[in-house]
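Pasting start-v3.txt here (compact mmCIF, C-alpha atoms):
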```
# COMPACT_ATOMS: atom_id res chain seq x y z
CA MET A 105 0.00 0.00 0.00
CA ALA A 106 1.45 3.37 -1.03
CA LEU A 107 2.46 5.78 1.69
CA HIS A 108 1.79 9.48 1.10
CA LYS A 109 3.72 12.24 2.86
CA ASP A 110 2.80 15.86 3.31
CA ASP A 111 3.28 18.97 5.40
CA ALA A 112 -0.02 19.50 7.23
CA VAL A 113 -1.99 21.39 9.87
CA VAL A 114 -4.64 19.71 12.05
CA LEU A 115 -8.11 21.18 11.42
CA ARG A 116 -10.46 18.85 13.29
CA ARG A 117 -10.26 16.00 15.73
CA LEU A 118 -13.13 13.70 16.68
CA ASP A 119 -13.07 10.71 18.98
CA TYR A 120 -13.83 7.44 17.21
CA ALA A 121 -14.60 4.29 19.21
CA GLU A 122 -12.63 3.88 22.43
CA THR A 123 -9.06 4.63 21.51
CA SER A 124 -9.10 6.06 17.99
CA GLN A 125 -9.68 9.48 16.51
CA VAL A 126 -10.72 10.81 13.12
CA LEU A 127 -8.57 13.78 12.17
CA ALA A 128 -8.96 16.32 9.37
CA PHE A 129 -5.74 17.87 8.10
CA LEU A 130 -5.00 20.56 5.56
CA GLY A 131 -2.03 19.23 3.60
CA ARG A 132 0.10 21.56 1.51
CA GLY A 133 0.16 19.14 -1.42
CA SER A 134 -2.93 17.07 -0.66
CA GLY A 135 -5.60 19.58 0.34
CA GLN A 136 -7.96 18.40 3.02
CA VAL A 137 -7.25 14.87 4.20
CA ARG A 138 -9.45 12.94 6.63
CA LEU A 139 -7.69 10.09 8.38
CA ILE A 140 -8.29 7.62 11.14
CA ALA A 141 -5.59 7.44 13.80
CA LYS A 142 -6.07 3.98 15.25
CA GLY A 143 -5.26 3.55 18.93
CA ILE A 144 -4.01 7.13 19.28
CA LYS A 145 -5.65 7.61 22.68
CA ARG A 146 -3.97 4.51 24.07
CA GLY A 147 -0.70 6.44 23.89
CA THR A 148 1.38 3.36 23.08
CA LYS A 149 1.97 3.93 19.37
CA LYS A 150 5.41 5.37 18.78
CA ALA A 151 4.29 7.06 15.57
CA PHE A 152 2.00 9.42 17.51
CA ALA A 153 2.49 8.46 21.14
CA THR A 154 2.05 11.96 22.53
CA GLY A 155 -1.29 12.61 20.83
CA ILE A 156 -2.17 15.14 18.17
CA ASP A 157 -3.75 18.48 18.98
CA LEU A 158 -5.76 20.93 16.89
CA LEU A 159 -3.88 23.66 15.02
CA GLU A 160 -0.48 22.02 15.19
CA ARG A 161 1.67 21.56 12.11
CA GLY A 162 3.68 18.47 11.32
CA HIS A 163 4.99 15.91 8.85
CA LEU A 164 2.13 13.64 7.91
CA VAL A 165 2.45 10.07 6.62
CA PHE A 166 -0.73 8.25 5.62
CA THR A 167 -2.28 5.60 3.41
CA HIS A 168 -5.36 5.82 1.26
CA THR A 169 -7.51 2.80 2.02
CA GLU A 170 -11.05 1.69 1.43
CA GLY A 171 -13.24 1.06 4.45
CA HIS A 172 -13.85 3.24 7.52
CA GLY A 173 -16.17 5.30 5.34
CA GLY A 174 -13.46 6.04 2.79
CA LEU A 175 -11.05 7.28 5.45
CA GLY A 176 -7.33 6.85 4.98
CA THR A 177 -5.13 5.75 7.86
CA LEU A 178 -2.64 7.93 9.69
CA THR A 179 0.59 6.02 10.05
CA GLU A 180 2.97 8.70 11.30
CA TRP A 181 2.86 12.26 12.61
CA LYS A 182 5.83 14.36 13.62
CA GLN A 183 4.97 17.75 15.05
CA THR A 184 7.07 20.56 13.57
CA GLU A 185 5.28 23.69 14.86
CA ALA A 186 2.95 23.90 17.83
CA PHE A 187 2.07 27.63 17.73
CA LEU A 188 1.98 27.64 21.53
CA GLY A 189 1.83 31.45 21.59
CA LEU A 190 -1.75 31.48 20.35
CA ARG A 191 -2.82 29.64 23.50
CA ALA A 192 -1.86 32.60 25.66
CA LYS A 193 -4.88 34.72 24.72
CA LEU A 194 -8.46 33.58 24.34
CA ARG A 195 -9.32 35.62 21.26
CA HIS A 196 -6.15 34.43 19.51
CA LEU A 197 -7.10 30.84 20.30
CA TYR A 198 -10.65 31.32 19.03
CA ALA A 199 -9.31 33.04 15.90
CA GLY A 200 -7.16 29.95 15.19
CA GLN A 201 -10.13 27.65 15.69
CA TYR A 202 -12.27 29.89 13.46
CA ALA A 203 -9.68 29.52 10.68
CA ALA A 204 -9.74 25.75 11.15
CA GLU A 205 -13.55 25.67 11.04
CA ILE A 206 -13.97 27.67 7.83
CA THR A 207 -11.05 25.91 6.12
CA ALA A 208 -12.47 22.47 6.93
CA GLN A 209 -15.90 23.54 5.67
CA LEU A 210 -14.89 25.25 2.44
CA THR A 211 -12.17 22.93 1.15
CA GLU A 212 -12.63 19.54 -0.45
CA GLU A 213 -10.61 16.37 -0.17
CA GLY A 214 -8.15 15.90 -3.01
CA ASP A 215 -8.20 19.59 -3.97
CA PRO A 216 -4.87 21.08 -2.84
CA HIS A 217 -4.29 24.82 -2.42
CA PRO A 218 -0.66 25.40 -1.39
CA GLU A 219 -1.28 29.17 -1.08
CA LEU A 220 -4.11 28.49 1.37
CA PHE A 221 -1.87 26.21 3.44
CA ASP A 222 0.81 28.91 3.51
CA GLY A 223 -1.82 31.49 4.47
CA LEU A 224 -3.01 29.30 7.33
CA VAL A 225 0.53 28.79 8.64
CA THR A 226 1.16 32.55 8.39
CA LEU A 227 -2.05 33.23 10.30
CA LEU A 228 -1.18 30.76 13.08
CA ARG A 229 2.30 32.28 13.38
CA THR A 230 0.80 35.78 13.57
CA LEU A 231 -1.72 34.66 16.18
CA SER A 232 1.18 33.33 18.25
CA THR A 233 2.34 36.93 18.69
CA ASP A 234 0.64 39.93 20.27
CA THR A 235 -0.79 41.20 16.96
CA ASP A 236 -4.50 42.12 16.72
CA PRO A 237 -6.14 38.80 15.74
CA LEU A 238 -8.96 40.37 13.76
CA VAL A 239 -6.75 41.99 11.11
CA ALA A 240 -4.82 38.72 10.66
CA VAL A 241 -8.04 36.72 10.37
CA ILE A 242 -9.45 39.09 7.73
CA ARG A 243 -6.31 38.56 5.67
CA PHE A 244 -6.87 34.80 5.97
CA GLN A 245 -10.58 35.07 5.10
CA LEU A 246 -9.57 36.78 1.84
CA VAL A 247 -6.90 34.12 1.12
CA LEU A 248 -9.41 31.33 1.73
CA LEU A 249 -12.17 32.87 -0.39
CA THR A 250 -9.69 33.50 -3.20
CA ALA A 251 -8.31 29.94 -3.04
CA VAL A 252 -11.71 28.28 -3.24
CA GLY A 253 -12.94 30.66 -5.94
CA LEU A 254 -15.59 32.37 -3.81
CA LEU A 255 -14.02 35.79 -3.33
CA PRO A 256 -16.85 38.33 -3.54
CA MET A 257 -16.69 41.04 -6.18
CA PHE A 258 -15.57 44.26 -4.53
CA ASP A 259 -14.59 46.45 -7.50
CA ALA A 260 -17.81 46.31 -9.53
CA CYS A 261 -21.48 45.62 -9.01
CA ALA A 262 -21.95 41.85 -8.60
CA ALA A 263 -25.44 42.08 -10.13
CA CYS A 264 -24.88 44.21 -13.27
CA GLN A 265 -21.06 43.86 -13.47
CA ARG A 266 -20.69 47.62 -14.05
CA THR A 267 -17.62 49.25 -12.57
CA THR A 268 -18.59 52.18 -10.46
CA SER A 269 -17.28 54.25 -7.58
CA ALA A 270 -16.83 52.29 -4.36
CA ARG A 271 -18.99 54.92 -2.66
CA ALA A 272 -21.90 53.86 -4.84
CA LEU A 273 -21.58 50.23 -3.74
CA LEU A 274 -23.18 50.36 -0.32
CA HIS A 275 -24.87 46.98 -0.17
CA PHE A 276 -23.45 43.48 -0.05
CA SER A 277 -25.24 40.38 -1.25
CA ALA A 278 -23.74 36.95 -0.62
CA GLU A 279 -26.16 35.43 -3.12
CA GLN A 280 -25.11 37.90 -5.85
CA GLY A 281 -21.46 37.37 -4.89
CA GLY A 282 -20.31 40.84 -3.89
CA LEU A 283 -21.15 44.51 -3.57
CA VAL A 284 -24.31 45.75 -5.27
CA CYS A 285 -24.81 49.20 -6.80
CA HIS A 286 -27.57 51.74 -6.11
CA ASP A 287 -29.48 50.76 -9.26
CA CYS A 288 -29.51 46.99 -8.63
CA GLU A 289 -29.94 47.07 -4.87
CA PRO A 290 -33.78 47.45 -4.80
CA SER A 291 -34.26 44.22 -6.77
CA VAL A 292 -31.91 42.20 -4.54
CA VAL A 293 -33.70 40.60 -1.59
CA GLU A 294 -30.76 39.09 0.30
CA LYS A 295 -28.42 41.97 1.14
CA ARG A 296 -26.87 43.92 3.98
CA ARG A 297 -25.90 47.55 4.09
CA ILE A 298 -22.25 48.47 4.56
CA THR A 299 -20.54 51.78 5.26
CA ALA A 300 -18.80 53.83 2.55
CA PRO A 301 -15.34 53.56 4.22
CA LEU A 302 -15.65 49.76 4.31
CA ALA A 303 -16.67 49.64 0.65
CA VAL A 304 -13.57 51.69 -0.22
CA ALA A 305 -11.33 49.53 2.00
CA LEU A 306 -12.62 46.30 0.45
CA THR A 307 -12.19 47.67 -3.06
CA GLN A 308 -8.59 48.53 -2.22
CA ARG A 309 -8.08 45.23 -0.29
CA ASN A 310 -6.66 47.25 2.58
CA VAL A 311 -8.73 47.08 5.75
CA PRO A 312 -7.55 49.42 8.53
CA THR A 313 -7.84 48.34 12.17
CA ALA A 314 -10.72 50.76 12.75
CA LEU A 315 -12.85 48.88 10.20
CA ALA A 316 -11.64 45.40 11.15
CA ALA A 317 -14.74 44.34 13.14
CA GLU A 318 -17.08 45.44 10.33
CA ALA A 319 -14.95 43.81 7.64
CA PHE A 320 -14.68 40.56 9.59
CA SER A 321 -18.43 40.47 10.10
CA LEU A 322 -19.08 41.01 6.37
CA LEU A 323 -16.59 38.37 5.22
CA ASP A 324 -17.88 35.94 7.87
CA TYR A 325 -21.37 36.56 6.47
CA ALA A 326 -20.14 35.64 2.97
CA ILE A 327 -18.32 32.57 4.30
CA SER A 328 -21.34 31.47 6.34
CA TYR A 329 -23.49 31.76 3.21
CA ALA A 330 -21.01 29.54 1.33
CA MET A 331 -20.93 27.03 4.21
CA GLY A 332 -24.72 26.92 4.37
CA ARG A 333 -24.74 27.74 8.08
CA PRO A 334 -23.39 30.44 10.41
CA SER A 335 -19.83 29.91 11.56
CA ARG A 336 -19.69 28.64 15.14
CA LEU A 337 -16.51 30.50 16.07
CA GLY A 338 -17.33 33.84 14.40
CA PRO A 339 -19.09 35.34 17.46
CA TYR A 340 -16.17 34.21 19.67
CA VAL A 341 -13.62 35.93 17.44
CA VAL A 342 -15.33 39.31 17.76
CA GLY A 343 -15.81 38.75 21.48
CA GLN A 344 -19.61 38.49 21.47
CA LEU A 345 -19.48 35.25 23.49
CA MET B 96 -24.03 -12.35 25.75
CA LYS B 97 -25.81 -9.71 23.69
CA GLN B 98 -25.80 -7.36 26.71
CA LEU B 99 -22.08 -7.94 27.33
CA GLU B 100 -21.31 -7.24 23.68
CA ARG B 101 -22.74 -3.74 24.14
CA LEU B 102 -19.93 -2.86 26.56
CA PRO B 103 -17.00 -0.89 25.12
CA GLY B 104 -14.09 -3.03 23.97
CA ILE B 105 -16.08 -6.27 24.25
CA GLY B 106 -16.55 -8.19 21.00
CA PRO B 107 -18.59 -11.39 20.44
CA ARG B 108 -15.72 -13.69 21.47
CA SER B 109 -15.01 -11.79 24.67
CA ALA B 110 -18.71 -11.65 25.49
CA GLU B 111 -18.88 -15.43 25.10
CA ARG B 112 -15.85 -15.92 27.36
CA ILE B 113 -17.27 -13.64 30.07
CA ALA B 114 -20.69 -15.31 29.88
CA PHE B 115 -19.19 -18.78 30.36
CA HIS B 116 -16.99 -17.46 33.16
CA LEU B 117 -20.10 -16.16 34.95
CA LEU B 118 -21.76 -19.55 34.49
CA ARG B 119 -18.81 -21.27 36.18
CA THR B 120 -18.29 -18.74 38.97
CA GLU B 121 -19.75 -18.97 42.52
CA PRO B 122 -23.30 -17.54 42.78
CA GLU B 123 -22.29 -14.92 45.39
CA ASP B 124 -19.55 -13.54 43.10
CA ALA B 125 -21.97 -13.25 40.18
CA PHE B 126 -24.60 -11.60 42.39
CA ALA B 127 -21.98 -9.17 43.76
CA LEU B 128 -21.22 -8.12 40.18
CA ALA B 129 -24.93 -7.76 39.42
CA ASP B 130 -25.43 -5.67 42.59
CA ALA B 131 -22.47 -3.45 41.66
CA VAL B 132 -23.97 -2.82 38.21
CA ARG B 133 -27.35 -2.03 39.79
CA ASP B 134 -25.71 0.33 42.34
CA VAL B 135 -23.98 2.26 39.57
CA LYS B 136 -27.31 3.19 38.05
CA GLU B 137 -29.36 3.51 41.24
CA ARG B 138 -26.95 5.14 43.70
CA LEU B 139 -24.22 6.93 41.77
CA ARG B 140 -24.93 10.58 41.02
CA HIS B 141 -23.08 13.86 40.79
CA CYS B 142 -22.03 15.63 43.99
CA THR B 143 -24.07 18.84 44.17
CA ARG B 144 -20.96 20.76 45.28
CA CYS B 145 -18.15 19.51 43.00
CA PHE B 146 -20.03 17.40 40.38
CA ASN B 147 -17.76 14.39 40.93
CA LEU B 148 -19.46 10.99 40.79
CA THR B 149 -20.48 9.84 44.25
CA ASP B 150 -22.89 7.64 46.18
CA THR B 151 -23.20 10.22 49.00
CA ASP B 152 -23.98 13.91 48.73
CA PRO B 153 -21.77 15.84 49.29
CA CYS B 154 -19.09 13.42 48.12
CA GLY B 155 -16.40 11.91 50.34
CA ILE B 156 -13.82 14.50 49.25
CA CYS B 157 -16.06 17.55 49.77
CA SER B 158 -17.17 16.33 53.20
CA ASP B 159 -13.66 15.33 54.38
CA PRO B 160 -12.67 17.85 57.11
CA LYS B 161 -8.97 17.11 56.48
CA ARG B 162 -9.16 18.52 52.94
CA ASP B 163 -8.23 22.14 52.29
CA ALA B 164 -11.51 23.62 51.04
CA SER B 165 -9.79 26.88 50.16
CA GLN B 166 -7.98 25.21 47.25
CA VAL B 167 -10.23 24.09 44.37
CA VAL B 168 -8.74 21.95 41.59
CA VAL B 169 -10.80 22.34 38.40
CA VAL B 170 -10.88 19.31 36.08
CA GLU B 171 -12.81 18.40 32.95
CA GLN B 172 -14.14 14.95 33.86
CA PRO B 173 -14.71 12.75 36.95
CA LYS B 174 -11.98 10.44 35.55
CA ASP B 175 -9.50 13.28 36.03
CA VAL B 176 -10.32 13.36 39.76
CA LEU B 177 -9.39 9.67 39.99
CA ALA B 178 -6.08 10.34 38.23
CA LEU B 179 -5.18 13.29 40.46
CA GLU B 180 -6.28 11.50 43.64
CA GLY B 181 -3.97 8.66 42.63
CA THR B 182 -1.00 10.99 43.09
CA GLY B 183 -1.86 11.63 46.75
CA VAL B 184 -0.50 15.17 46.33
CA VAL B 185 -3.74 17.17 46.08
CA ARG B 186 -4.84 18.38 49.53
CA GLY B 187 -7.64 20.60 48.23
CA VAL B 188 -11.07 19.79 46.84
CA TYR B 189 -12.24 19.48 43.24
CA HIS B 190 -14.66 21.00 40.79
CA VAL B 191 -15.64 18.93 37.74
CA LEU B 192 -16.64 21.02 34.72
CA MET B 193 -18.26 18.06 32.93
CA GLY B 194 -16.41 18.81 29.71
CA HIS B 195 -14.54 21.63 28.04
CA ILE B 196 -15.51 24.58 25.89
CA ALA B 197 -15.44 23.36 22.28
CA PRO B 198 -17.30 25.75 19.97
CA LEU B 199 -16.34 23.59 16.97
CA GLU B 200 -18.35 20.74 18.51
CA GLY B 201 -21.12 23.08 19.69
CA VAL B 202 -20.12 22.97 23.40
CA GLU B 203 -20.49 26.45 24.90
CA PRO B 204 -19.55 27.79 28.36
CA SER B 205 -23.18 27.54 29.49
CA ASP B 206 -23.06 23.76 28.89
CA LEU B 207 -20.49 23.33 31.68
CA THR B 208 -20.68 23.76 35.46
CA ILE B 209 -18.89 27.13 35.32
CA GLU B 210 -21.67 29.04 37.09
CA ALA B 211 -21.50 26.63 40.04
CA LEU B 212 -17.71 27.13 40.23
CA LEU B 213 -18.14 30.91 40.26
CA ALA B 214 -20.75 30.58 43.02
CA ARG B 215 -18.26 28.56 45.10
CA VAL B 216 -15.61 31.24 44.64
CA ARG B 217 -18.11 34.02 45.39
CA SER B 218 -18.89 32.36 48.72
CA GLY B 219 -15.51 33.69 49.87
CA THR B 220 -14.01 30.44 51.17
CA VAL B 221 -11.78 29.82 48.14
CA ARG B 222 -8.19 31.12 48.18
CA GLU B 223 -6.75 29.34 45.11
CA VAL B 224 -8.25 27.84 41.95
CA VAL B 225 -5.96 25.33 40.22
CA LEU B 226 -6.90 24.96 36.56
CA ALA B 227 -6.19 21.30 35.74
CA THR B 228 -7.89 21.13 32.34
CA ASN B 229 -6.15 19.14 29.61
CA PRO B 230 -3.26 20.88 27.80
CA THR B 231 -5.17 20.74 24.49
CA VAL B 232 -6.60 23.60 22.42
CA GLU B 233 -10.02 23.08 24.05
CA GLY B 234 -8.58 22.61 27.55
CA ASP B 235 -6.41 25.70 27.24
CA GLY B 236 -9.36 27.69 25.87
CA THR B 237 -11.47 26.61 28.83
CA ALA B 238 -8.68 27.59 31.24
CA LEU B 239 -8.31 31.03 29.60
CA HIS B 240 -12.08 31.56 29.77
CA LEU B 241 -12.13 30.64 33.48
CA HIS B 242 -9.10 32.83 34.13
CA SER B 243 -10.91 35.84 32.63
CA LEU B 244 -13.93 35.19 34.89
CA LEU B 245 -11.96 34.47 38.07
CA THR B 246 -9.36 37.25 37.91
CA PRO B 247 -11.80 40.04 38.95
CA MET B 248 -12.86 37.88 41.92
CA LYS B 249 -9.51 38.41 43.68
CA VAL B 250 -8.66 34.72 43.92
CA GLN B 251 -5.29 33.17 43.05
CA VAL B 252 -5.55 31.29 39.74
CA THR B 253 -2.87 28.72 38.89
CA ARG B 254 -2.43 26.26 36.01
CA LEU B 255 -0.79 22.83 36.02
CA ALA B 256 2.83 22.86 34.84
CA ARG B 257 3.53 21.44 31.40
CA GLY B 258 6.52 20.22 29.44
CA LEU B 259 8.61 17.06 29.60
CA ALA B 260 7.03 13.96 31.08
CA VAL B 261 8.92 12.34 33.96
CA GLY B 262 10.93 9.39 32.63
CA SER B 263 10.88 10.64 29.03
CA GLN B 264 13.89 11.67 26.96
CA VAL B 265 14.61 15.09 25.51
CA GLU B 266 15.49 13.73 22.07
CA TYR B 267 12.06 12.10 21.67
CA ALA B 268 9.99 14.99 23.02
CA THR B 269 7.81 16.96 20.64
CA ARG B 270 8.55 20.57 19.86
CA ALA B 271 5.54 21.71 21.92
CA MET B 272 6.76 19.78 24.96
CA LEU B 273 10.25 21.23 24.69
CA GLU B 274 8.97 24.78 24.15
CA ALA B 275 6.69 24.48 27.19
CA ALA B 276 9.47 22.93 29.27
CA ILE B 277 11.96 25.68 28.42
CA LEU B 278 9.44 28.49 28.93
CA GLY B 279 8.22 26.98 32.21
CA ARG B 280 11.63 26.04 33.66
CA THR B 281 12.01 26.48 37.41
CA ALA B 282 14.98 27.50 39.58
CA MET B 283 16.83 24.73 41.44
```

Using the file provided, produce a representation of the structure as structure tokens.
Amino acid sequence: MALHKDDAVVLRRLDYAETSQVLAFLGRGSGQVRLIAKGIKRGTKKAFATGIDLLERGHLVFTHTEGHGGLGTLTEWKQTEAFLGLRAKLRHLYAGQYAAEITAQLTEEGDPHPELFDGLVTLLRTLSTDTDPLVAVIRFQLVLLTAVGLLPMFDACAACQRTTSARALLHFSAEQGGLVCHDCEPSVVEKRRITAPLAVALTQRNVPTALAAEAFSLLDYAISYAMGRPSRLGPYVVGQL
Amino acid sequence: MKQLERLPGIGPRSAERIAFHLLRTEPEDAFALADAVRDVKERLRHCTRCFNLTDTDPCGICSDPKRDASQVVVVEQPKDVLALEGTGVVRGVYHVLMGHIAPLEGVEPSDLTIEALLARVRSGTVREVVLATNPTVEGDGTALHLHSLLTPMKVQVTRLARGLAVGSQVEYATRAMLEAAILGRTAM
């Protein structure tokens, strides 16, 4: 059976039976990979004796096998980066988990996005420092939406495709896929109003700290629409919970 | 045999072996096992003070006058109390959260026994809260959440040390273990 190797970050971890876990990784060359780690909780397997935690990066070795619902098997994991710094502050920790949630939901197995993997690693490194988590997360939201081809249109009306001044694009529609102009807005049912400074910032892809909460909320709205449900960690990132 | 098979880790062969063992064993031993199983469901419950599993309320630890009630060790599960009691080092009492905050799995702070912990601290008898949640992302998140709630209450909040396991070797430790061990080193 062929062994596959990759550089990966742990996105999800679910207990399976008594001693095993099902883990979702984002591999740099493999995209999302869901694997079963047999006997991992017993702590006797040398290949991953110390357990595997969320949001850690490591060298992944696995096999693709049939059975276990199409899950491959994790055969080896060597942690290379633990991003311990992000565990020092609650909002940084929630921001990391938010990134894991939306990445797991919006990526598919067997569809690699190396730039997304690099963006995730950059985010986790940034969150391990004292930097404002919201600005870093917004950067990652844009990387993710770009990678999966769902980046909303910010420089023209998503409904009529006409390029217009950012100040005339004061509504956002996830269904239309971006900002909507004055003329189209009345006929669009699903929409939310945004401020002129945010419209300008999004058009220029440069969100200042003062607009970070509003920008995060808007991008989270677009991501939630793509996921088909509200993100669970979004309210934690902005400190509502 | 069908009932035994429903137990975790027991397959059809093991169930058969246990069933035949029970057939061969003395009646009083088999009845003692049956009584123990019945007691688990009829008598075991959660201590109303610390939420540990107990057959008396308050539990033996909470009602022990020799324990230091001013030190509360916060753990995720009743199994963690067993592990910590096994060390014989903890002189304080416990508080079982009944889980950890895991928004990804839909577990929110209100699903845990956090309010009861805060009420214990508010009573004014607690001097130190030891956060003994697991050193995982969820356990650390829970500890940070509790820390933010407890800090304004003027109580000492401590966290279990982390790093190298006793008996392990530096060359086989993970990067996280080594980082934690170096950052948390103590003077000799």

* **chain B contacts on chain A, only C-alpha atoms, 10 Å, as a PyMOL selection string** => chain A and resi 116-118+121-123+150+154-160+182-188+190-198+200-202+204-205+335-338+340+345

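CA of Met331 in chain A sits 22.8 Å away from CA of Cys261 in chain A.
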
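CA of Lys142 in chain A sits 14.6 Å away from CA of Leu164 in chain A.
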
* Structure fact -> re CA of Val114 in chain A and CA of Leu130 in chain A: distance 6.6 Å

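Among A:Leu246, A:Val239, A:Leu273, A:Met257, the residue with the shortest atom-to-atom distance to Ala317 in chain A, counting only C-alpha atoms, is A:Val239.
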
* **Residue nearest Leu278 in chain B among B:Lys174, B:His116, B:Arg257, B:Lys97 (counting all atoms listed in the file)** =>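 Comparing B:Lys174, B:His116, B:Arg257, B:Lys97 against Leu278 in chain B, the winner is B:Arg257.
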
* Asked: So, counting only C-alpha atoms, which residue among B:His190, B:Arg119, B:His141, B:His195 is closest to Val169 in chain B?
  -> B:His190

* Structure fact -> From the list B:Leu99, B:Ala260, B:Leu255, B:Val135, the nearest residue to Val185 in chain B using all atoms listed in the file is B:Leu255

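Closest to Leu192 in chain B among B:Leu177, B:Ala227, B:Val216, B:Ala129 is B:Ala227, based on all atoms listed in the file.
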
Completion step: range 257-272 of chain B with N, CA, C and O atoms as a PDB file, in the coordinates of the input:
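rebuild_2.pdb, freshly written:
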```
ATOM      1  N   ARG B 257       3.516  22.276  32.601  1.00  0.00           N
ATOM      2  CA  ARG B 257       3.530  21.440  31.400  1.00  0.00           C
ATOM      3  C   ARG B 257       4.944  21.375  30.842  1.00  0.00           C
ATOM      4  O   ARG B 257       5.792  22.206  31.153  1.00  0.00           O
ATOM      5  N   GLY B 258       5.181  20.376  30.029  1.00  0.00           N
ATOM      6  CA  GLY B 258       6.520  20.220  29.440  1.00  0.00           C
ATOM      7  C   GLY B 258       6.898  18.761  29.355  1.00  0.00           C
ATOM      8  O   GLY B 258       6.076  17.923  28.964  1.00  0.00           O
ATOM      9  N   LEU B 259       8.117  18.439  29.732  1.00  0.00           N
ATOM     10  CA  LEU B 259       8.610  17.060  29.600  1.00  0.00           C
ATOM     11  C   LEU B 259       7.955  16.139  30.618  1.00  0.00           C
ATOM     12  O   LEU B 259       7.790  16.505  31.785  1.00  0.00           O
ATOM     13  N   ALA B 260       7.596  14.948  30.168  1.00  0.00           N
ATOM     14  CA  ALA B 260       7.030  13.960  31.080  1.00  0.00           C
ATOM     15  C   ALA B 260       8.157  13.301  31.865  1.00  0.00           C
ATOM     16  O   ALA B 260       9.256  13.078  31.325  1.00  0.00           O
ATOM     17  N   VAL B 261       7.902  13.011  33.133  1.00  0.00           N
ATOM     18  CA  VAL B 261       8.920  12.340  33.960  1.00  0.00           C
ATOM     19  C   VAL B 261       9.230  10.978  33.350  1.00  0.00           C
ATOM     20  O   VAL B 261       8.327  10.228  32.983  1.00  0.00           O
ATOM     21  N   GLY B 262      10.523  10.683  33.198  1.00  0.00           N
ATOM     22  CA  GLY B 262      10.930   9.390  32.630  1.00  0.00           C
ATOM     23  C   GLY B 262      11.105   9.430  31.122  1.00  0.00           C
ATOM     24  O   GLY B 262      11.542   8.446  30.524  1.00  0.00           O
ATOM     25  N   SER B 263      10.722  10.562  30.484  1.00  0.00           N
ATOM     26  CA  SER B 263      10.880  10.640  29.030  1.00  0.00           C
ATOM     27  C   SER B 263      12.280  11.155  28.679  1.00  0.00           C
ATOM     28  O   SER B 263      13.075  11.458  29.571  1.00  0.00           O
ATOM     29  N   GLN B 264      12.577  11.218  27.384  1.00  0.00           N
ATOM     30  CA  GLN B 264      13.890  11.670  26.960  1.00  0.00           C
ATOM     31  C   GLN B 264      13.751  12.898  26.055  1.00  0.00           C
ATOM     32  O   GLN B 264      12.846  12.946  25.217  1.00  0.00           O
ATOM     33  N   VAL B 265      14.671  13.822  26.247  1.00  0.00           N
ATOM     34  CA  VAL B 265      14.610  15.090  25.510  1.00  0.00           C
ATOM     35  C   VAL B 265      14.577  14.846  24.009  1.00  0.00           C
ATOM     36  O   VAL B 265      13.787  15.466  23.283  1.00  0.00           O
ATOM     37  N   GLU B 266      15.387  13.903  23.523  1.00  0.00           N
ATOM     38  CA  GLU B 266      15.490  13.730  22.070  1.00  0.00           C
ATOM     39  C   GLU B 266      14.195  13.238  21.428  1.00  0.00           C
ATOM     40  O   GLU B 266      13.975  13.405  20.242  1.00  0.00           O
ATOM     41  N   TYR B 267      13.319  12.608  22.232  1.00  0.00           N
ATOM     42  CA  TYR B 267      12.060  12.100  21.670  1.00  0.00           C
ATOM     43  C   TYR B 267      10.871  13.010  21.967  1.00  0.00           C
ATOM     44  O   TYR B 267       9.752  12.702  21.590  1.00  0.00           O
ATOM     45  N   ALA B 268      11.097  14.097  22.672  1.00  0.00           N
ATOM     46  CA  ALA B 268       9.990  14.990  23.020  1.00  0.00           C
ATOM     47  C   ALA B 268       9.553  15.779  21.787  1.00  0.00           C
ATOM     48  O   ALA B 268      10.354  16.046  20.894  1.00  0.00           O
ATOM     49  N   THR B 269       8.277  16.151  21.756  1.00  0.00           N
ATOM     50  CA  THR B 269       7.810  16.960  20.640  1.00  0.00           C
ATOM     51  C   THR B 269       8.254  18.406  20.858  1.00  0.00           C
ATOM     52  O   THR B 269       8.645  18.796  21.958  1.00  0.00           O
ATOM     53  N   ARG B 270       8.143  19.180  19.795  1.00  0.00           N
ATOM     54  CA  ARG B 270       8.550  20.570  19.860  1.00  0.00           C
ATOM     55  C   ARG B 270       7.722  21.334  20.902  1.00  0.00           C
ATOM     56  O   ARG B 270       8.239  22.161  21.646  1.00  0.00           O
ATOM     57  N   ALA B 271       6.413  21.023  20.956  1.00  0.00           N
ATOM     58  CA  ALA B 271       5.540  21.710  21.920  1.00  0.00           C
ATOM     59  C   ALA B 271       5.972  21.415  23.358  1.00  0.00           C
ATOM     60  O   ALA B 271       5.999  22.301  24.208  1.00  0.00           O
ATOM     61  N   MET B 272       6.317  20.162  23.611  1.00  0.00           N
ATOM     62  CA  MET B 272       6.760  19.780  24.960  1.00  0.00           C
ATOM     63  C   MET B 272       8.030  20.531  25.340  1.00  0.00           C
ATOM     64  O   MET B 272       8.146  21.055  26.456  1.00  0.00           O
TER      65      MET B 272
END
```
